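Before any comments, here is the structure.
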Amino acid sequence: MTKDCQKGAGSEISGVPGFLAIVAGKDEFLVDRDARVYFEQAKKASGPDAEAEIISGAMIRVEDARPVELQFVDSVKTLSMFGGKRIIWLRNLNWVSDSVQSKSLDVKESLARVLAAATEAPAEISIIISASPYDGRRKDLSALKDVADEFVLHSPAAKSAFSKDDAQGEMQLALAAEHLRSLGAKFDRGVLEMLVGRVGQSTRLVLVECEKLAAYAGPGGTIREADVLLLVPPFGEGDFFEPIEALSARDLKWGMESLDRYFFNEDSSRPLLAALQNRLRLLIQIRCLVDSGDFRVSEAGLAKGQFETASSRHGPTFGSAAKSSANLFSQNPWYISNKVAPAAARFSLGELVDLQLACADCFDASNRGLDEPSVRAMFLRALAVKR
């Protein structure tokens with residue numbers, strides 16, 4: 001949640017009757033979860049005789065907005081037959097997204113009338129509005145921040161999986177760990193981060209994929225990173241490529257099978273090669289620091305504290321703090337220590353440099369339409385023979 005939040009989802013309702021809660025964000029699961037908390041609190045606070053109603057605010061076409069508007073406004077103006085309180089939840093409102101429909105004048109006018117009805121509701125009515133996806137540039141909902149009893153705006157998922165400021169990612173890691181343990185599944189180091197990295201733009205997908213992985217591992221089984229790469233498809237703007245992980249693990253069989261899967265879905269090797277070059281730039285820097293004695297790397301990566309110590313010593317030498325694969329110390333410490341560094345224990349500096357040069361050759365080969373053969377040859381040279 002952003003700093004703009006007035007109160008958290010678990011806070012006590014103090015405005016019933018006459019309560020208004022607005023929850024918005026890009027992650028539908030989180031928005032729905034927090035709105036449901038307010039809905040249940042409002043029902044409890046209104047007493048056993050209160051009437052509760054849920055109205056779906058989802059629209060597919062522009063014409064869908066008007067019937068929702070009429071239903072909501074009519075419900076707000078309708079008092080209970082027996083004089084009790086009423087709770088209305090306008091759920092899954094997708095009128096404040098970045099879609100063509102949401103930008104139409106008709107929808108904007110319907111939204112204005114809906115929000116006006118919500119703020120002018122009688123004291124016997126409690127209203128919860130949950131909106132997702134939410135375009136942060138829209139001001140329709142934020143204009144009601146001062147009059148709402150609760151206004152929750154969830155921060156969007158981070159642009160990259162290992163950003164230094166990713167509150168949602170940290171929350172999803174905890175949810176995934178709790179869910180997997182509740183399913184009786186064990187998991188290797190790095191599994192949670194890899195899972196969230198692949199589908200972290202959707203908390204619902206994180207939890208669904210946890211169930212899939214637990215079922216695959218079986219009762220008491222252990223989920224491994226390779227299982228995540230095999231079973232969990234990237235969601236949204238994921239930039240993880242299974243062949244890179246196979247290469248880093250120095251696993252020939254996995255590497256060839258991962259290339260089969262990659263080229264089954266992709267015609268061009270360029271996205272893969274670009275991501276591999278970024279990984280190799282980091283590995284070359286790590287390997288140099290290993291050879292100089294600044295790092296002690298193992299199959300598990302770097303021991304806790306090594307990255308921070310080396311950063312304070314060598315950080316200024318590496319240049320700007322702007323995030324770049326050319327600057328090892330601009331990266332997330334967990335990502336480097338646990339995700340990238342293990343491969344530096346499996347490859348020598350010479351092998352890493354040769355791989356980087358081979359990537360350039362593969363880029364040239366892609367210009368001649370030889371994407372798959374050139375990448376396969378590079379993997380075979382790197383994985384079949386260890387120098």
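Identifiers for the structure tokens are assigned positionally: chains receive A, B, ... in sequence, residues are indexed from 1 per chain, and ligands are indexed from 1 in the order shown.
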(message) I'd like to know which residues of segment 192-360 of chain A are helix (DSSP H, G or I) (by DSSP, run on the backbone); could you write them as a PyMOL selection string?
(response) chain A and resi 192-199+203-217+225-231+242-248+252-265+270-291+306-318+328-330+333-345+349-360
(message) Taking 6 positions as the minimum chain separation for residues in the same chain, which residues sit within 12 Å of Lys85 of chain A when counting only C-alpha atoms? Answer as a ChimeraX atom specification.
(response) /A:16-19,42-53,76,78-79,121-127
(message) Please determine, counting only C-alpha atoms, which residue among A:Asp364, A:Asp140, A:Glu351, A:Glu211 has the shortest atom-to-atom distance to Ala185 of chain A.
(response) A:Glu211
(message) At a cut-off of 8 Å, using only C-alpha atoms, what residues contact Phe307 of chain A? Leave out same-chain residues fewer than 4 positions from it and give the result as a ChimeraX atom specification.
(response) /A:295,302,311,329,333,336-337
Those residues you just picked out, can you put them in a file as a PDB file, in the first residue's frame with C-alpha atoms?
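Output (part.pdb):
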ATOM      1  CA  PHE A 295      34.467 -13.136  -3.011  1.00  0.00           C
ATOM      2  CA  LEU A 302      27.774 -15.836  -1.863  1.00  0.00           C
ATOM      3  CA  SER A 311      30.344  -3.006  -2.448  1.00  0.00           C
ATOM      4  CA  PHE A 329      26.962  -3.250  -7.229  1.00  0.00           C
ATOM      5  CA  PRO A 333      22.062  -8.064  -3.169  1.00  0.00           C
ATOM      6  CA  ILE A 336      23.413 -11.390  -7.059  1.00  0.00           C
ATOM      7  CA  SER A 337      24.254 -13.519  -4.019  1.00  0.00           C
TER       8      SER A 337
END
(request) Could you check which of A:Ala35, A:Phe29, A:Gln277, A:Arg137 is closest to Phe151 of chain A, using only C-alpha atoms? (result) A:Ala35
Contacts of Trp334 of chain A at 10 Å or less, counting only C-alpha atoms, minus same-chain residues fewer than 2 places along, as a PDB file with N, CA and C atoms, in the first residue's frame?
ATOM      1  N   PHE A 162      13.456  -8.038  -9.170  1.00  0.00           N
ATOM      2  CA  PHE A 162      14.324  -7.892  -8.005  1.00  0.00           C
ATOM      3  C   PHE A 162      14.655  -6.427  -7.731  1.00  0.00           C
ATOM      4  N   LYS A 164      14.887  -2.953  -5.781  1.00  0.00           N
ATOM      5  CA  LYS A 164      15.207  -2.720  -4.371  1.00  0.00           C
ATOM      6  C   LYS A 164      13.983  -2.249  -3.583  1.00  0.00           C
ATOM      7  N   GLY A 190      15.621 -20.209  -3.214  1.00  0.00           N
ATOM      8  CA  GLY A 190      15.463 -19.517  -4.486  1.00  0.00           C
ATOM      9  C   GLY A 190      14.163 -19.794  -5.204  1.00  0.00           C
ATOM     10  N   GLU A 193      11.541 -16.785  -4.819  1.00  0.00           N
ATOM     11  CA  GLU A 193      11.918 -15.602  -5.581  1.00  0.00           C
ATOM     12  C   GLU A 193      11.727 -15.832  -7.078  1.00  0.00           C
ATOM     13  N   GLY A 301      26.106 -19.932  -3.857  1.00  0.00           N
ATOM     14  CA  GLY A 301      26.259 -18.501  -4.096  1.00  0.00           C
ATOM     15  C   GLY A 301      27.210 -17.842  -3.122  1.00  0.00           C
ATOM     16  N   LEU A 302      26.923 -16.593  -2.773  1.00  0.00           N
ATOM     17  CA  LEU A 302      27.774 -15.836  -1.863  1.00  0.00           C
ATOM     18  C   LEU A 302      27.207 -15.893  -0.450  1.00  0.00           C
ATOM     19  N   LYS A 304      26.236 -14.587   3.225  1.00  0.00           N
ATOM     20  CA  LYS A 304      25.600 -13.338   3.628  1.00  0.00           C
ATOM     21  C   LYS A 304      26.644 -12.308   4.053  1.00  0.00           C
ATOM     22  N   PHE A 307      28.547  -9.505  -0.363  1.00  0.00           N
ATOM     23  CA  PHE A 307      28.230  -8.511  -1.391  1.00  0.00           C
ATOM     24  C   PHE A 307      28.331  -7.098  -0.825  1.00  0.00           C
ATOM     25  N   GLN A 331      23.016  -3.780  -8.449  1.00  0.00           N
ATOM     26  CA  GLN A 331      21.989  -4.808  -8.459  1.00  0.00           C
ATOM     27  C   GLN A 331      21.493  -5.122  -7.049  1.00  0.00           C
ATOM     28  N   ASN A 332      20.367  -5.820  -6.998  1.00  0.00           N
ATOM     29  CA  ASN A 332      19.818  -6.258  -5.720  1.00  0.00           C
ATOM     30  C   ASN A 332      20.749  -7.297  -5.079  1.00  0.00           C
ATOM     31  N   ILE A 336      22.014 -11.070  -6.726  1.00  0.00           N
ATOM     32  CA  ILE A 336      23.413 -11.390  -7.059  1.00  0.00           C
ATOM     33  C   ILE A 336      23.914 -12.560  -6.227  1.00  0.00           C
ATOM     34  N   SER A 337      23.688 -12.515  -4.924  1.00  0.00           N
ATOM     35  CA  SER A 337      24.254 -13.519  -4.019  1.00  0.00           C
ATOM     36  C   SER A 337      23.652 -14.901  -4.218  1.00  0.00           C
ATOM     37  N   ASN A 338      22.350 -14.969  -4.491  1.00  0.00           N
ATOM     38  CA  ASN A 338      21.669 -16.261  -4.529  1.00  0.00           C
ATOM     39  C   ASN A 338      21.280 -16.728  -5.926  1.00  0.00           C
ATOM     40  N   LYS A 339      21.069 -15.787  -6.827  1.00  0.00           N
ATOM     41  CA  LYS A 339      20.572 -16.151  -8.148  1.00  0.00           C
ATOM     42  C   LYS A 339      21.677 -16.213  -9.195  1.00  0.00           C
ATOM     43  N   VAL A 340      22.566 -15.241  -9.178  1.00  0.00           N
ATOM     44  CA  VAL A 340      23.593 -15.142 -10.223  1.00  0.00           C
ATOM     45  C   VAL A 340      24.893 -15.817  -9.816  1.00  0.00           C
ATOM     46  N   ALA A 341      25.338 -15.562  -8.605  1.00  0.00           N
ATOM     47  CA  ALA A 341      26.677 -15.984  -8.177  1.00  0.00           C
ATOM     48  C   ALA A 341      26.958 -17.481  -8.252  1.00  0.00           C
TER      49      ALA A 341
END
